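Colleague: Here it is, the structure, as structure tokens.
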Amino acid sequence: SGVRVGVYPVTNAEYSCFLKDPHHSDPEFWPEAINDGWFSSDAIFVSVFSHWKKVQAHLRENPEYVENLCAYQNFDKKQCASLFYFLNLTEENLENMIRELYDHNLPVPIMWENPEYNNPSMPVVGVSVYEAIAYCRWLSKKSNSGYRLLSNDEWEEAANSNRRYAYGNRPNYRLMNTIESSWGGILPVGIISENKTREGLFDISGNLFEWTSSCYLSEEVHRGLDTQYICKGGSWVQDASRAVSTYIGRGKCWVKNIDVGFRICRYD
């Protein structure tokens with residue numbers, strides 16, 4: 001595809017260089033985020049609140065789905081407790097929680113201070129697609145080279161999509177970090193040496209979802225904060241079916257999840 005793809009997803013160590021640069025918040029790196037109102041607490045509140053209200057209503061109306069999540073998808077006690085806490089939040093409490101999270105929206109990963117996630121050699125997670133794009137622009141300027149996210153098609157090409165997983169066609173829970181594996185958390189990059197493509201790209205299958213530059217639906221390109229972007233690769237809190245190279249995950253552009261980070265590519 002004419003691009004050179006990162007061997008690993010971007011790590012905490014690499015992302016920290018971005019955050020430590022006093023110019024990381026310069027507007028030149030954030031045009032979409034500024035235009036869409038990502039830095040505006042009122043604008044982002046409307047999008048985030050309406051989204052989580054819909055999720056909450058859906059879960060309340062489908063108790064058997066909640067039961068399946070906890071009983072059959074290996075949710076641990078902490079995850080189940082968090083889910084039921086969310087289900088029982090009043091509208092006022094939900095609003096307060098969202099305002100607390102987004103009133104001062106900054107490009108800092110949501111688990112940046114948590115030792116379970118902030119090991120320098122771990123992939124950075126808890127970043128929105130805006131932050132991933134800004135990092136690419138910042139790195140391009142610092143290095144005088146061109147860096148960006150891969151598109152969905154480029155990601156699948158890099159992942160050898162003629163194989164279901166990076167290492168082969170059959171799910172092997174020893175070779176990738178998904179919910180069926182026994183790892184129980186996100187892993188530093190490259191830890192599972194067999195989990196790589198023929199070209200030597202690590203962590204394509206499992207561990208973390210990776211943002212791409214592709215919108216989930218082409219007509220969503222101009223929907224601002226409600227635009228959904230495709231993410232690929234599966235993760236440690238999702239089942240192995242989502243680690244298949246052709247699986248298309250998605251998230252709104254403000255989403256900062258504990259299992260979503262990004263991989264970059266260099267172009268000339």
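Quick note on naming: the chains in the structure tokens go A, B, ... in the order shown, residues restart at 1 in each chain, and ligands are numbered from 1 in order of appearance.
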Counting only C-alpha atoms, what is within 12 Å of Thr246 (chain A), bar same-chain residues fewer than 2 positions away, as a ChimeraX atom specification?

Modeller: /A:152-166,204-205,230-234,241-244,248-249

Colleague: Since we have the selection now, will you write its residues out, keeping N, CA and C atoms, as a JSON list (two decimals), in the first residue's frame?

Modeller:
[["chain", "number", "residue", "atom", "x", "y", "z"],
["A", 152, "ASN", "N", -8.97, 1.49, 7.23],
["A", 152, "ASN", "CA", -9.43, 0.13, 7.47],
["A", 152, "ASN", "C", -8.82, -0.85, 6.47],
["A", 153, "ASP", "N", -8.82, -0.48, 5.19],
["A", 153, "ASP", "CA", -8.28, -1.37, 4.15],
["A", 153, "ASP", "C", -6.78, -1.59, 4.33],
["A", 154, "GLU", "N", -6.07, -0.53, 4.66],
["A", 154, "GLU", "CA", -4.62, -0.66, 4.88],
["A", 154, "GLU", "C", -4.33, -1.55, 6.08],
["A", 155, "TRP", "N", -5.14, -1.41, 7.12],
["A", 155, "TRP", "CA", -4.94, -2.23, 8.32],
["A", 155, "TRP", "C", -5.15, -3.71, 7.98],
["A", 156, "GLU", "N", -6.21, -4.00, 7.24],
["A", 156, "GLU", "CA", -6.48, -5.41, 6.89],
["A", 156, "GLU", "C", -5.39, -5.97, 5.98],
["A", 157, "GLU", "N", -4.89, -5.15, 5.07],
["A", 157, "GLU", "CA", -3.79, -5.60, 4.21],
["A", 157, "GLU", "C", -2.55, -5.90, 5.05],
["A", 158, "ALA", "N", -2.25, -5.04, 6.01],
["A", 158, "ALA", "CA", -1.09, -5.25, 6.88],
["A", 158, "ALA", "C", -1.27, -6.48, 7.75],
["A", 159, "ALA", "N", -2.53, -6.80, 8.09],
["A", 159, "ALA", "CA", -2.82, -7.93, 8.98],
["A", 159, "ALA", "C", -2.87, -9.26, 8.24],
["A", 160, "ASN", "N", -2.59, -9.26, 6.95],
["A", 160, "ASN", "CA", -2.70, -10.50, 6.16],
["A", 160, "ASN", "C", -4.12, -11.06, 6.26],
["A", 161, "SER", "N", -5.09, -10.33, 5.76],
["A", 161, "SER", "CA", -6.47, -10.71, 6.00],
["A", 161, "SER", "C", -6.88, -12.00, 5.29],
["A", 162, "ASN", "N", -5.95, -12.63, 4.54],
["A", 162, "ASN", "CA", -6.23, -13.98, 4.04],
["A", 162, "ASN", "C", -6.09, -15.01, 5.16],
["A", 163, "ARG", "N", -5.56, -14.56, 6.32],
["A", 163, "ARG", "CA", -5.55, -15.39, 7.52],
["A", 163, "ARG", "C", -6.48, -14.75, 8.54],
["A", 164, "ARG", "N", -7.18, -15.59, 9.30],
["A", 164, "ARG", "CA", -8.15, -15.05, 10.25],
["A", 164, "ARG", "C", -7.47, -14.29, 11.39],
["A", 165, "TYR", "N", -6.35, -14.81, 11.83],
["A", 165, "TYR", "CA", -5.57, -14.16, 12.90],
["A", 165, "TYR", "C", -4.16, -13.92, 12.38],
["A", 166, "ALA", "N", -3.41, -13.09, 13.08],
["A", 166, "ALA", "CA", -2.07, -12.76, 12.61],
["A", 166, "ALA", "C", -1.20, -14.00, 12.42],
["A", 204, "ILE", "N", -1.30, -7.71, 16.34],
["A", 204, "ILE", "CA", -2.41, -7.44, 15.43],
["A", 204, "ILE", "C", -3.69, -8.11, 15.94],
["A", 205, "SER", "N", -3.55, -9.30, 16.52],
["A", 205, "SER", "CA", -4.71, -10.04, 17.03],
["A", 205, "SER", "C", -4.77, -9.94, 18.54],
["A", 230, "ILE", "N", -13.80, 3.31, 12.68],
["A", 230, "ILE", "CA", -13.53, 1.88, 12.74],
["A", 230, "ILE", "C", -12.29, 1.60, 13.58],
["A", 231, "CYS", "N", -12.37, 0.59, 14.43],
["A", 231, "CYS", "CA", -11.18, 0.11, 15.14],
["A", 231, "CYS", "C", -11.04, -1.39, 14.90],
["A", 232, "LYS", "N", -9.82, -1.87, 14.92],
["A", 232, "LYS", "CA", -9.52, -3.22, 14.46],
["A", 232, "LYS", "C", -8.66, -3.98, 15.47],
["A", 233, "GLY", "N", -8.79, -5.31, 15.43],
["A", 233, "GLY", "CA", -7.82, -6.15, 16.10],
["A", 233, "GLY", "C", -8.27, -6.90, 17.33],
["A", 234, "GLY", "N", -9.45, -6.59, 17.87],
["A", 234, "GLY", "CA", -9.87, -7.26, 19.09],
["A", 234, "GLY", "C", -9.11, -6.76, 20.30],
["A", 241, "SER", "N", -13.60, -13.85, 18.60],
["A", 241, "SER", "CA", -14.24, -13.59, 17.30],
["A", 241, "SER", "C", -13.99, -12.16, 16.84],
["A", 242, "ARG", "N", -13.72, -11.26, 17.79],
["A", 242, "ARG", "CA", -13.47, -9.86, 17.43],
["A", 242, "ARG", "C", -12.00, -9.59, 17.12],
["A", 243, "ALA", "N", -11.16, -10.60, 17.33],
["A", 243, "ALA", "CA", -9.75, -10.47, 16.98],
["A", 243, "ALA", "C", -9.47, -10.95, 15.56],
["A", 244, "VAL", "N", -10.50, -11.44, 14.87],
["A", 244, "VAL", "CA", -10.36, -11.83, 13.47],
["A", 244, "VAL", "C", -10.01, -10.59, 12.65],
["A", 248, "ILE", "N", -14.91, -5.69, 12.09],
["A", 248, "ILE", "CA", -14.96, -4.22, 12.11],
["A", 248, "ILE", "C", -15.60, -3.74, 13.41],
["A", 249, "GLY", "N", -14.77, -3.24, 14.31],
["A", 249, "GLY", "CA", -15.27, -2.60, 15.52],
["A", 249, "GLY", "C", -15.52, -1.13, 15.22]]

Colleague: Write out as a list of chain:residue names each polymer residue whose atoms come within 12 Å of His23 (chain A), counting only C-alpha atoms; drop sequence neighbours fewer than 3 positions from it.

Modeller: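 Near neighbours after the sequence-gap exclusion: A:Cys17, A:Phe18, A:Leu19, A:Lys20, A:Asp26, A:Pro27, A:Glu28, A:Phe29, A:Trp30, A:Ala134, A:Tyr135, A:Arg137, A:Trp138, A:Leu139, A:Lys141, A:Lys142.
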
Colleague: Taking only C-alpha atoms into account, which of A:Val129, A:Met111, A:Ile264, A:Met176 comes nearest Asn12 (chain A)?

Modeller: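 Among A:Val129, A:Met111, A:Ile264, A:Met176, it is A:Met111 that comes nearest to Asn12 (chain A).
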
Colleague: Write out as number ranges by chain each polymer residue whose atoms come within 10 Å of Lys252 (chain A), counting only C-alpha atoms; drop sequence neighbours fewer than 5 positions from it.

Modeller: A: 47-48, 51, 128-129, 215-216, 224-230

Colleague: How about saving the chosen residues, C-alpha atoms kept, as a PDB file, in the first residue's frame?

Modeller:
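What landed in selection_14.pdb:
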ATOM      1  CA  SER A  47     -23.078  13.585  22.703  1.00  0.00           C
ATOM      2  CA  VAL A  48     -21.703  11.502  25.597  1.00  0.00           C
ATOM      3  CA  HIS A  51     -25.034   7.832  24.043  1.00  0.00           C
ATOM      4  CA  SER A 128      -9.853   9.004  21.525  1.00  0.00           C
ATOM      5  CA  VAL A 129      -9.370   9.032  17.778  1.00  0.00           C
ATOM      6  CA  CYS A 215     -15.425   6.231   9.364  1.00  0.00           C
ATOM      7  CA  TYR A 216     -17.808   3.374  10.078  1.00  0.00           C
ATOM      8  CA  GLY A 224     -19.070  15.839  14.307  1.00  0.00           C
ATOM      9  CA  LEU A 225     -18.781  14.292  17.769  1.00  0.00           C
ATOM     10  CA  ASP A 226     -21.210  11.516  16.842  1.00  0.00           C
ATOM     11  CA  THR A 227     -19.054  10.264  13.975  1.00  0.00           C
ATOM     12  CA  GLN A 228     -18.029   6.641  14.456  1.00  0.00           C
ATOM     13  CA  TYR A 229     -14.558   5.448  13.503  1.00  0.00           C
ATOM     14  CA  ILE A 230     -13.535   1.875  12.744  1.00  0.00           C
TER      15      ILE A 230
END

Colleague: Tell me which of A:Arg99, A:Arg174, A:His58, A:Arg263 sits closest to Leu208 (chain A), counting only C-alpha atoms.

Modeller: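 Using only C-alpha atoms, Leu208 (chain A) sits closest to A:Arg263.
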
Colleague: What lies within 9 Å of Val108 (chain A) using only C-alpha atoms, ignoring chain neighbours under 6 positions off, as number ranges by chain?

Modeller: A: 19, 126-127, 131

Colleague: Write to file, as a PDB file, in the first residue's frame, the residues of the selection just made, with all heavy atoms.

Modeller:
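Written out: part.pdb:
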ATOM      1  N   LEU A  19       2.861  14.178  25.322  1.00  0.00           N
ATOM      2  CA  LEU A  19       2.259  14.924  26.434  1.00  0.00           C
ATOM      3  C   LEU A  19       3.260  15.867  27.106  1.00  0.00           C
ATOM      4  O   LEU A  19       2.869  16.919  27.624  1.00  0.00           O
ATOM      5  CB  LEU A  19       1.692  13.963  27.469  1.00  0.00           C
ATOM      6  CG  LEU A  19       0.443  13.170  27.073  1.00  0.00           C
ATOM      7  CD1 LEU A  19      -0.039  12.328  28.242  1.00  0.00           C
ATOM      8  CD2 LEU A  19      -0.677  14.094  26.602  1.00  0.00           C
ATOM      9  N   GLY A 126      -7.090   4.099  26.132  1.00  0.00           N
ATOM     10  CA  GLY A 126      -7.856   5.177  26.751  1.00  0.00           C
ATOM     11  C   GLY A 126      -7.675   6.504  26.048  1.00  0.00           C
ATOM     12  O   GLY A 126      -7.742   7.556  26.676  1.00  0.00           O
ATOM     13  N   VAL A 127      -7.418   6.438  24.737  1.00  0.00           N
ATOM     14  CA  VAL A 127      -7.270   7.657  23.939  1.00  0.00           C
ATOM     15  C   VAL A 127      -8.338   7.671  22.850  1.00  0.00           C
ATOM     16  O   VAL A 127      -8.677   6.633  22.277  1.00  0.00           O
ATOM     17  CB  VAL A 127      -5.871   7.763  23.290  1.00  0.00           C
ATOM     18  CG1 VAL A 127      -4.811   8.045  24.331  1.00  0.00           C
ATOM     19  CG2 VAL A 127      -5.513   6.497  22.518  1.00  0.00           C
ATOM     20  N   GLU A 131      -7.139  12.185  19.673  1.00  0.00           N
ATOM     21  CA  GLU A 131      -5.802  12.173  20.269  1.00  0.00           C
ATOM     22  C   GLU A 131      -4.820  11.397  19.397  1.00  0.00           C
ATOM     23  O   GLU A 131      -3.653  11.785  19.250  1.00  0.00           O
ATOM     24  CB  GLU A 131      -5.869  11.583  21.674  1.00  0.00           C
ATOM     25  CG  GLU A 131      -6.590  12.501  22.655  1.00  0.00           C
ATOM     26  CD  GLU A 131      -7.145  11.755  23.843  1.00  0.00           C
ATOM     27  OE1 GLU A 131      -8.286  11.249  23.768  1.00  0.00           O
ATOM     28  OE2 GLU A 131      -6.439  11.675  24.868  1.00  0.00           O
TER      29      GLU A 131
END

Colleague: Tell me, in Å to one decimal, how far CA of Ile258 (chain A) is from CA of Gln79 (chain A).

Modeller: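 The value is 12.2 Å.
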
Colleague: Let's see if you can do this: from backbone DSSP, list all strand (DSSP E or B) residues in region 74-187 of chain A, as a PyMOL selection string.

Modeller: chain A and resi 123+146-149+165+168+177

Colleague: Those same residues - C-alpha atoms - I'd like them written as a PDB file, in the first residue's frame.

Modeller:
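After the write, selection-v5.pdb holds the following:
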ATOM      1  CA  PRO A 123       0.450   0.164  24.368  1.00  0.00           C
ATOM      2  CA  GLY A 146       4.733  11.889   7.408  1.00  0.00           C
ATOM      3  CA  TYR A 147       2.824   9.809   9.966  1.00  0.00           C
ATOM      4  CA  ARG A 148      -0.876   8.969  10.135  1.00  0.00           C
ATOM      5  CA  LEU A 149      -3.362   6.282  11.129  1.00  0.00           C
ATOM      6  CA  TYR A 165      -5.574 -14.159  12.901  1.00  0.00           C
ATOM      7  CA  GLY A 168      -2.923 -18.415  11.451  1.00  0.00           C
ATOM      8  CA  ASN A 177      -4.672 -11.837  24.470  1.00  0.00           C
TER       9      ASN A 177
END

Colleague: Could you state the separation of CA of Gly184 (chain A) and CA of Arg250 (chain A) in Å, given to one decimal place?

Modeller: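 For CA of Gly184 (chain A) relative to CA of Arg250 (chain A), the distance reads 23.1 Å.
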
Colleague: Excluding Gly190 (chain A) and any residue of its chain fewer than 3 positions from it, enumerate the residues within 10 Å of it, using only C-alpha atoms, and give them as a PyMOL selection string.

Modeller: chain A and resi 7-9+121-123+187+193-196+201-203

Colleague: For the selection you just gave me, I'd like the residues written to a file as a PDB file, in the first residue's frame, keeping C-alpha atoms.

Modeller:
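After the write, out.pdb holds the following:
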ATOM      1  CA  VAL A   7       5.770  -2.981  14.180  1.00  0.00           C
ATOM      2  CA  TYR A   8       3.934  -2.313  17.456  1.00  0.00           C
ATOM      3  CA  PRO A   9       1.042  -0.125  18.546  1.00  0.00           C
ATOM      4  CA  SER A 121       6.236  -0.646  27.354  1.00  0.00           C
ATOM      5  CA  MET A 122       2.462  -1.174  27.298  1.00  0.00           C
ATOM      6  CA  PRO A 123       0.450   0.164  24.368  1.00  0.00           C
ATOM      7  CA  LEU A 187       0.200  -6.818  28.001  1.00  0.00           C
ATOM      8  CA  SER A 193       6.328 -13.524  20.266  1.00  0.00           C
ATOM      9  CA  GLU A 194       4.228 -15.842  18.045  1.00  0.00           C
ATOM     10  CA  ASN A 195       1.421 -13.282  17.720  1.00  0.00           C
ATOM     11  CA  LYS A 196       2.775 -11.585  14.632  1.00  0.00           C
ATOM     12  CA  LEU A 201       3.884  -6.871  12.905  1.00  0.00           C
ATOM     13  CA  PHE A 202       3.111  -7.711  16.529  1.00  0.00           C
ATOM     14  CA  ASP A 203      -0.175  -7.602  18.473  1.00  0.00           C
TER      15      ASP A 203
END
